[in-house]
Number of protein chains: 2
Amino acid sequence: MRSYGQYCALAKALDVVGDRWTLLIVRELLLRGACRYTDLRNGLPGIATNLLADRLRALEGAGLLEREEAPPPVASTLFRLTPRGEQLKPVLNALGRWGIPYMVAGPDAEDEFRNQWLAWPAELFLADSEPAAPPVAIELRAGEGPMVIETSHGAVRARAGSTEHPDAVLSGAPQVILGVLSGELDLPAARDLGLHFEGDARALARVQPPDPHPLLAVDAAPAGHADRAG
Amino acid sequence: MRSYGQYCALAKALDVVGDRWTLLIVRELLLRGACRYTDLRNGLPGIATNLLADRLRALEGAGLLEREEAPPPVASTLFRLTPRGEQLKPVLNALGRWGIPYMVAGPDAEDEFRNQWLAWPAELFLADSEPAAPPVAIELRAGEGPMVIETSHGAVRARAGSTEHPDAVLSGAPQVILGVLSGELDLPAARDLGLHFEGDARALARVQPPDPHPLLAVDAAPAGHADRAG
DNA sequence: CCGCATCCGGGGCGATACTG
DNA sequence: CAGTATCGCCCCGGATGCGG
């Protein structure tokens, strides 16, 4: 991208990752780890293939990404973030958290969805209320592939993928699952909205916030004024 | 900007603030508070005036910015961030912190500089080692207008502007001041690089980091694993 | 001066087609 | 599977004009 020409940390950062699609590529690589070109395309619906190739080259040139030729069983090129690229995680966390209010109204008519994109809401809203108890795993099925929420030492982690024996499984529309994760919907209400729930409700209750999260309204003022947006 | 069309918190955030120049406008408003159109132009060297007007409209439409007609003594339009806009501060902090390594090499030949842009390095590197002692103020003069670093209750704050009786004043090239703030340069070494220092050296030593900050190299690999979200 | 609007050239972007 | 190639369009950048 064209440089801003400013000797400023923020401007220099945007010189590197300010291009369209760039941070979303980093998102995919952070959420899913090393990816093939096709995996990236699938996780980035709407991107033009030449742009993806351009961005990957640029990210590689900036030292945020490495290309790795996988051995014969895979026989494919893998793209993986370098440590410098992984250092963008706090940036994406901050931006993702800031963007959560825009998800409350639900997806636009033509919005695409991938399950792993629930990672930020999950890690933001959830907390392990019983850190000493055995860890639990909850599987989410809102899009195509599954996502897993796991407790570990009191923290709650979200990752793309599946797990062997989940303590609970939630299936349904993304915004309904979002409502459950944020605590705005209890299980019966979510069932009325089409949620399918299997497993141990206590596993879910263990990680759910005790009160609805206050960040969910776009016009929420920090002074504590919390009204619903839709 | 054109929407990414993805039901994802990060993508939704970038739909709002992903446009070129947008986050830099937010930067200026965060660093300097309410600004006139001309102040913004001056703090955003390189922006085309029509783009600034476009972005201000978009930010206003998105509820991140408000227009305020100042009474006759000023008789001008002031642009001010709304609370929602101010909530972007953690995002800019994360991005600015990530971008600091790119400043180590010094400005490119054609880079513009404004003093207030040192705010992120200052707040990142500095800490008050004597929180109980009376507060100190250090003035930086690297660009056009001055900037002040102040201790308050153990925290270190940076803001654009001046102060009545600074405990110390640093004047010099931006990257030299950056070296002093990060602890990589001591005063004699900085003087050799053109730094002009007046006042109490203990005031500076009080806020300087004891050791050079480890984040200053672009290729710095984190020793263990990525750091936690901020 | 301040806060834009208009015009215009160039390039980044988006969509599709094609290839080793 | 991992990209090129191509083409239109619209965003961006730079200059200028203009009403309050």
# chains A, B, ... in the order shown; residues from 1 in each chain; ligands from 1
call {"tool": "select_by_dssp", "arguments": {"residues": "segment 70-111 of chain A", "states": "helix (DSSP H, G or I)", "output": "VMD selection string"}}
result
chain A and resid 83 to 86 89 to 103
call {"tool": "residues_around", "arguments": {"residues": "Arg80 of chain A", "least_positions_apart": "5", "cutoff": "6 Å", "atoms": "only C-alpha atoms (C1' of nucleotides)", "output": "compact mmCIF listing (two decimals) with C-alpha atoms, in the first residue's frame"}}
result
# COMPACT_ATOMS: atom_id res chain seq x y z
CA ALA A 34 -1.17 -22.84 9.25
CA LEU A 65 4.09 -14.77 7.24
CA GLU A 66 6.10 -17.76 6.12
call {"tool": "interface_residues", "arguments": {"of": "chain A", "to": "chain B", "cutoff": "6 Å", "atoms": "only C-alpha atoms", "output": "list in words"}}
result
Gly5, Gln6, Tyr7, Cys8, Ala9, Leu10, Lys12, Ala13, Pro83, Pro90, Val91, Ala94, Leu95, Gly96, Gly99, Ile100, Pro107, Asp111, Glu112, Phe113, Trp117 and Ala221 of chain A
call {"tool": "interface_residues", "arguments": {"of": "chain A", "to": "chain D", "cutoff": "10 Å", "atoms": "only C-alpha atoms (C1' of nucleotides)", "output": "VMD selection string"}}
result
chain A and resid 36 to 38 49 to 50 52 to 53 75 to 77
call {"tool": "write_last_selection", "arguments": {"atoms": "C-alpha atoms", "output": "short mmCIF file (atom, residue, chain, number, x, y, z; two decimals), in the first residue's frame"}}
result
data_model
loop_
_atom_site.label_atom_id
_atom_site.label_comp_id
_atom_site.auth_asym_id
_atom_site.auth_seq_id
_atom_site.Cartn_x
_atom_site.Cartn_y
_atom_site.Cartn_z
CA ARG A 36 -3.40 -23.86 2.63
CA TYR A 37 -4.30 -21.35 -0.03
CA THR A 38 -7.66 -23.01 -0.50
CA THR A 49 -7.93 -14.75 -5.71
CA ASN A 50 -5.39 -12.32 -7.13
CA LEU A 52 -5.22 -13.06 -1.79
CA ALA A 53 -2.04 -13.90 -3.66
CA ALA A 75 2.08 -32.14 -0.63
CA SER A 76 0.85 -28.62 -0.41
CA THR A 77 2.00 -25.14 0.49
#
call {"tool": "atom_distance", "arguments": {"atom1": "atom CA of Thr151 of chain B", "atom2": "atom CA of Ala137 of chain B"}}
result
6.7 Å
call {"tool": "interface_residues", "arguments": {"of": "chain C", "to": "chain B", "cutoff": "9 Å", "atoms": "only C-alpha atoms (C1' of nucleotides)", "output": "PyMOL selection string"}}
result
chain C and resi 2-5
call {"tool": "write_last_selection", "arguments": {"atoms": "N, CA and C atoms (P, O5', C5', C4', C3', O3' and C1' of nucleotides)", "output": "mmCIF file, in the first residue's frame"}}
result
data_model
loop_
_atom_site.group_PDB
_atom_site.id
_atom_site.type_symbol
_atom_site.label_atom_id
_atom_site.label_comp_id
_atom_site.auth_asym_id
_atom_site.auth_seq_id
_atom_site.Cartn_x
_atom_site.Cartn_y
_atom_site.Cartn_z
ATOM 1 P P DC C 2 -8.149 28.791 9.606
ATOM 2 O "O5'" DC C 2 -9.641 28.429 9.986
ATOM 3 C "C5'" DC C 2 -10.716 29.302 9.791
ATOM 4 C "C4'" DC C 2 -11.975 28.521 9.451
ATOM 5 C "C3'" DC C 2 -11.829 26.996 9.401
ATOM 6 O "O3'" DC C 2 -12.980 26.405 9.939
ATOM 7 C "C1'" DC C 2 -12.572 27.799 7.292
ATOM 8 P P DG C 3 -13.057 24.797 10.264
ATOM 9 O "O5'" DG C 3 -13.960 24.250 9.075
ATOM 10 C "C5'" DG C 3 -15.318 24.650 8.996
ATOM 11 C "C4'" DG C 3 -15.887 24.255 7.663
ATOM 12 C "C3'" DG C 3 -15.777 22.749 7.328
ATOM 13 O "O3'" DG C 3 -17.008 22.305 6.806
ATOM 14 C "C1'" DG C 3 -14.936 24.020 5.573
ATOM 15 P P DC C 4 -17.336 20.661 6.805
ATOM 16 O "O5'" DC C 4 -16.272 19.962 5.871
ATOM 17 C "C5'" DC C 4 -16.654 19.427 4.599
ATOM 18 C "C4'" DC C 4 -16.911 20.529 3.595
ATOM 19 C "C3'" DC C 4 -17.193 20.041 2.189
ATOM 20 O "O3'" DC C 4 -18.568 19.883 1.991
ATOM 21 C "C1'" DC C 4 -15.790 22.004 2.218
ATOM 22 P P DA C 5 -19.072 18.822 0.911
ATOM 23 O "O5'" DA C 5 -18.831 19.530 -0.491
ATOM 24 C "C5'" DA C 5 -19.511 20.731 -0.817
ATOM 25 C "C4'" DA C 5 -19.366 21.026 -2.310
ATOM 26 C "C3'" DA C 5 -19.540 19.819 -3.240
ATOM 27 O "O3'" DA C 5 -20.231 20.226 -4.417
ATOM 28 C "C1'" DA C 5 -17.322 20.669 -3.428
#
call {"tool": "residues_around", "arguments": {"residues": "Gly154 of chain A", "least_positions_apart": "6", "cutoff": "8 Å", "atoms": "only C-alpha atoms (C1' of nucleotides)", "output": "ChimeraX atom specification"}}
result
/A:127-132
call {"tool": "write_last_selection", "arguments": {"atoms": "C-alpha atoms", "output": "compact mmCIF listing (two decimals), in the first residue's frame"}}
result
# COMPACT_ATOMS: atom_id res chain seq x y z
CA ALA A 127 -15.22 -17.30 31.86
CA ASP A 128 -14.72 -20.49 33.81
CA SER A 129 -16.64 -20.10 37.04
CA GLU A 130 -15.22 -23.36 38.42
CA PRO A 131 -11.52 -23.32 37.59
CA ALA A 132 -10.78 -26.19 39.94
call {"tool": "atom_distance", "arguments": {"atom1": "atom CA of Pro212 of chain B", "atom2": "atom CA of Leu81 of chain A"}}
result
26.6 Å
call {"tool": "residues_around", "arguments": {"residues": "Gly161 of chain A", "least_positions_apart": "2", "cutoff": "9 Å", "atoms": "only C-alpha atoms (C1' of nucleotides)", "output": "number ranges by chain"}}
result
A: 32, 116, 139, 145-148, 159, 163
